[in-house]
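Have a look at the structure below, then the notes.
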Amino acid sequence: NYQNRVQAGVTAMMATGDGQLAMGERWDYGGYIQLKDIGPMRTIVAGNYQASFGYGLVVGSPFKRGKIAYIQSTATTDEGLKKFSSVGDSYNYFHGVGATARVKWADLSAFYSLRQGKEEAWNHVVGVNATARWRKLKVGVTGVASLKSNVESQKLSDKGAMGANVRYNWGKVDVWGEVAASHTEQWGWGTIMGVRVNPISDLNLLAIYRYYSPEYENIYANALSSKIRVYNEHGGYLGVEYNRLRNWQLSLFGDVWKEGYETMAQADFISPKD
């Protein structure tokens, strides 16, 4: 299908103000091109895009829609490279180029981003990923490095992170995890691991353990956390989803970490047409 293989778009957003263009306000323009399944290339992106590999410790994450959504989604698959078309988010995306090539049983990805930050500083980001699949086993490694420079191309700071992730599916049991190290002024490390059990077709059970050292610092990480940033945390998460009731989906989770806890229950009505 041509429409699924080739996608392009342009976005425009007012940087400040309440909808009326005034002195000091400006429009931010962006765009994207995404090509899928072109020869050996699984994905090619240019312009605004997102990158997500592994389970959120190095770059991106499938865990983005709130803790209750971890149960309602697979929570165990990475998303790779994909276009970014939102006009309400001016932060959570890269701007540049990226590509994923499929070589037999492995996917090889690389991406580059260049964005202007505060005080006329430029943020350069380079990332790579290799993911191999063999039967029910999936193993991946990811690395990302960022460099901030000024208009004279003088280095202001550099940071990096690298990690390895694994997933194994054994019938109704799905086990996955990731371990990563980061480096700024010092080394830090973190790990996240989980198991999902589907004992019957209408019941999902999910358990996640996480530990992020105080020195772990990676602004591109977006793993499960009680904080906005992923660092200095030790905790556990349990979730249950039940779909046996007619047209209703019940979800419940409890998340406990060293400084506190959080619980939530949710009932969603599902239309019979869905």
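Please note that chains go A, B, ... in the order of the structure tokens, that every chain numbers its residues from 1, and that ligands are numbered from 1 in the order shown.
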
Note to self: as a PyMOL selection string, please: the residues near region 103-120 of chain A (cut-off 7 Å, only C-alpha atoms, same-chain neighbours under 6 positions excluded).
What the structure shows: chain A and resi 94-97+126-134+150-151

Check: Residues of region 51-236 of chain A in strand (DSSP E or B) according to DSSP, as a PyMOL selection string?
Finding: chain A and resi 51-53+59-60+80-83+94-103+106-116+122-134+137-149+155-170+173-183+187-200+203-212+221+233-236

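Across the structure, CA of Lys258 (chain A) and CA of Lys159 (chain A) are spaced 27.4 Å apart.
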
I'd like the neighbourhood of Ser226 (chain A) as a compact mmCIF listing (two decimals) with C-alpha atoms, in the first residue's frame, where a residue qualifies if any of its atoms comes within 10 Å (using only C-alpha atoms), though same-chain residues fewer than 6 positions away should be ignored.
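What ended up in selection.txt:
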# COMPACT_ATOMS: atom_id res chain seq x y z
CA LYS A 67 1.06 3.89 34.53
CA GLU A 233 15.00 5.41 42.27
CA HIS A 234 14.34 1.88 43.51
CA GLY A 235 10.86 0.43 43.19
CA ASP A 255 3.58 1.18 42.37
CA VAL A 256 5.91 1.35 45.35
CA TRP A 257 9.30 3.07 45.57
CA GLU A 259 9.97 7.47 49.05
CA GLY A 260 6.31 6.60 48.48
CA TYR A 261 3.64 4.68 46.62
CA GLU A 262 0.78 5.11 44.15

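Straight-line separation from CA of Asn247 (chain A) to CA of Ile200 (chain A): 17.5 Å.
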
Checklist line | Atomic separation - CA of Thr142 (chain A) relative to CA of Phe53 (chain A), Å | finding: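 It comes out at 7.1 Å.
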
Notebook entry, point to check: Got a sec: who's within 8 Å of region 86-90 of chain A, counting only C-alpha atoms, leaving out chain neighbours fewer than 3 positions off, as a PyMOL selection string?
Noted result: chain A and resi 11-13+93

Any chance you could export the current selection's all heavy atoms as a tab-separated table (two decimals), in the first residue's frame?
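The result, stored in result-v7.tsv:
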chain	number	residue	atom	x	y	z
A	11	THR	N	4.09	20.90	9.72
A	11	THR	CA	3.44	21.37	10.93
A	11	THR	C	3.82	22.82	11.17
A	11	THR	O	4.89	23.28	10.76
A	11	THR	CB	3.83	20.53	12.16
A	11	THR	OG1	5.25	20.62	12.36
A	11	THR	CG2	3.44	19.08	11.97
A	12	ALA	N	2.96	23.55	11.88
A	12	ALA	CA	3.22	24.94	12.25
A	12	ALA	C	2.63	25.19	13.62
A	12	ALA	O	1.50	24.79	13.90
A	12	ALA	CB	2.64	25.90	11.22
A	13	MET	N	3.39	25.84	14.49
A	13	MET	CA	2.93	26.10	15.84
A	13	MET	C	3.47	27.44	16.31
A	13	MET	O	4.64	27.77	16.09
A	13	MET	CB	3.40	24.99	16.79
A	13	MET	CG	2.94	25.19	18.24
A	13	MET	SD	3.50	23.85	19.33
A	13	MET	CE	5.27	24.11	19.28
A	93	TYR	N	11.02	15.26	20.55
A	93	TYR	CA	11.30	14.72	19.23
A	93	TYR	C	12.71	15.12	18.80
A	93	TYR	O	13.32	16.04	19.34
A	93	TYR	CB	10.28	15.22	18.20
A	93	TYR	CG	10.33	16.70	17.91
A	93	TYR	CD1	11.14	17.20	16.89
A	93	TYR	CD2	9.58	17.60	18.64
A	93	TYR	CE1	11.21	18.56	16.61
A	93	TYR	CE2	9.63	18.95	18.38
A	93	TYR	CZ	10.44	19.43	17.36
A	93	TYR	OH	10.50	20.77	17.10

Note to self: Using only C-alpha atoms, which protein or nucleic acid residues come within 8 Å of Ser85 (chain A)? Drop anything in the same chain fewer than 4 positions from it, and give the result as a ChimeraX atom specification.
What the structure shows: /A:9-11,31-32,48-49

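For the choices A:Ser251, A:Gln266, A:Asn222, A:Gln34, the atom-to-atom distance to Asn92 (chain A) is smallest for A:Asn222 when using only C-alpha atoms.
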
Next item on the list: Quick one: everything within 9 Å of Val230 (chain A), counting only C-alpha atoms, minus sequence neighbours fewer than 2 positions away in the same chain. Send it as a list in words.
Entry: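 The residues that qualify are Leu57, Gly190, Tyr212, Tyr216, Glu217, Asn218, Ile219, Ala221, Asn222, Ala223, Leu224, Ser225, Ser226, Lys227, Ile228, Asn232 and Glu233 of chain A.
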
Please produce an output containing N, CA and C atoms for each residue in the selection, written as a PDB file, in the first residue's frame.
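Resulting contents of selection-v5.pdb:
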ATOM      1  N   LEU A  57      15.528   3.033  28.935  1.00  0.00           N
ATOM      2  CA  LEU A  57      16.674   3.499  29.706  1.00  0.00           C
ATOM      3  C   LEU A  57      17.674   4.290  28.869  1.00  0.00           C
ATOM      4  N   GLY A 190      21.542   1.862  35.500  1.00  0.00           N
ATOM      5  CA  GLY A 190      20.166   1.582  35.848  1.00  0.00           C
ATOM      6  C   GLY A 190      19.714   0.281  35.210  1.00  0.00           C
ATOM      7  N   TYR A 212      17.525   2.719  39.530  1.00  0.00           N
ATOM      8  CA  TYR A 212      18.319   3.735  38.856  1.00  0.00           C
ATOM      9  C   TYR A 212      19.229   4.368  39.895  1.00  0.00           C
ATOM     10  N   TYR A 216      22.906   8.010  37.664  1.00  0.00           N
ATOM     11  CA  TYR A 216      22.385   7.771  36.322  1.00  0.00           C
ATOM     12  C   TYR A 216      21.714   9.041  35.804  1.00  0.00           C
ATOM     13  N   GLU A 217      22.178   9.534  34.664  1.00  0.00           N
ATOM     14  CA  GLU A 217      21.646  10.772  34.094  1.00  0.00           C
ATOM     15  C   GLU A 217      21.593  10.647  32.583  1.00  0.00           C
ATOM     16  N   ASN A 218      20.384  10.663  32.049  1.00  0.00           N
ATOM     17  CA  ASN A 218      20.181  10.542  30.609  1.00  0.00           C
ATOM     18  C   ASN A 218      18.862  11.218  30.260  1.00  0.00           C
ATOM     19  N   ILE A 219      18.922  12.383  29.629  1.00  0.00           N
ATOM     20  CA  ILE A 219      17.708  13.154  29.365  1.00  0.00           C
ATOM     21  C   ILE A 219      16.819  12.482  28.324  1.00  0.00           C
ATOM     22  N   ALA A 221      16.135   9.212  28.376  1.00  0.00           N
ATOM     23  CA  ALA A 221      15.490   8.056  29.000  1.00  0.00           C
ATOM     24  C   ALA A 221      14.050   8.405  29.358  1.00  0.00           C
ATOM     25  N   ASN A 222      13.169   7.425  29.234  1.00  0.00           N
ATOM     26  CA  ASN A 222      11.765   7.641  29.555  1.00  0.00           C
ATOM     27  C   ASN A 222      11.141   6.353  30.077  1.00  0.00           C
ATOM     28  N   ALA A 223      11.868   5.674  30.936  1.00  0.00           N
ATOM     29  CA  ALA A 223      11.381   4.419  31.513  1.00  0.00           C
ATOM     30  C   ALA A 223      10.426   4.709  32.665  1.00  0.00           C
ATOM     31  N   LEU A 224       9.830   3.651  33.183  1.00  0.00           N
ATOM     32  CA  LEU A 224       8.914   3.768  34.318  1.00  0.00           C
ATOM     33  C   LEU A 224       9.610   4.457  35.480  1.00  0.00           C
ATOM     34  N   SER A 225       8.989   5.501  36.031  1.00  0.00           N
ATOM     35  CA  SER A 225       9.581   6.245  37.133  1.00  0.00           C
ATOM     36  C   SER A 225       8.495   7.055  37.829  1.00  0.00           C
ATOM     37  N   SER A 226       8.695   7.327  39.105  1.00  0.00           N
ATOM     38  CA  SER A 226       7.788   8.203  39.844  1.00  0.00           C
ATOM     39  C   SER A 226       8.142   9.666  39.633  1.00  0.00           C
ATOM     40  N   LYS A 227       9.308   9.920  39.027  1.00  0.00           N
ATOM     41  CA  LYS A 227       9.770  11.284  38.785  1.00  0.00           C
ATOM     42  C   LYS A 227       9.644  11.620  37.300  1.00  0.00           C
ATOM     43  N   ILE A 228       9.839  12.877  36.990  1.00  0.00           N
ATOM     44  CA  ILE A 228       9.875  13.291  35.592  1.00  0.00           C
ATOM     45  C   ILE A 228      11.118  12.737  34.921  1.00  0.00           C
ATOM     46  N   ASN A 232      18.002   7.909  40.394  1.00  0.00           N
ATOM     47  CA  ASN A 232      17.925   7.801  41.841  1.00  0.00           C
ATOM     48  C   ASN A 232      16.576   7.234  42.306  1.00  0.00           C
ATOM     49  N   GLU A 233      16.273   5.995  41.891  1.00  0.00           N
ATOM     50  CA  GLU A 233      14.998   5.407  42.270  1.00  0.00           C
ATOM     51  C   GLU A 233      15.120   3.888  42.355  1.00  0.00           C
TER      52      GLU A 233
END
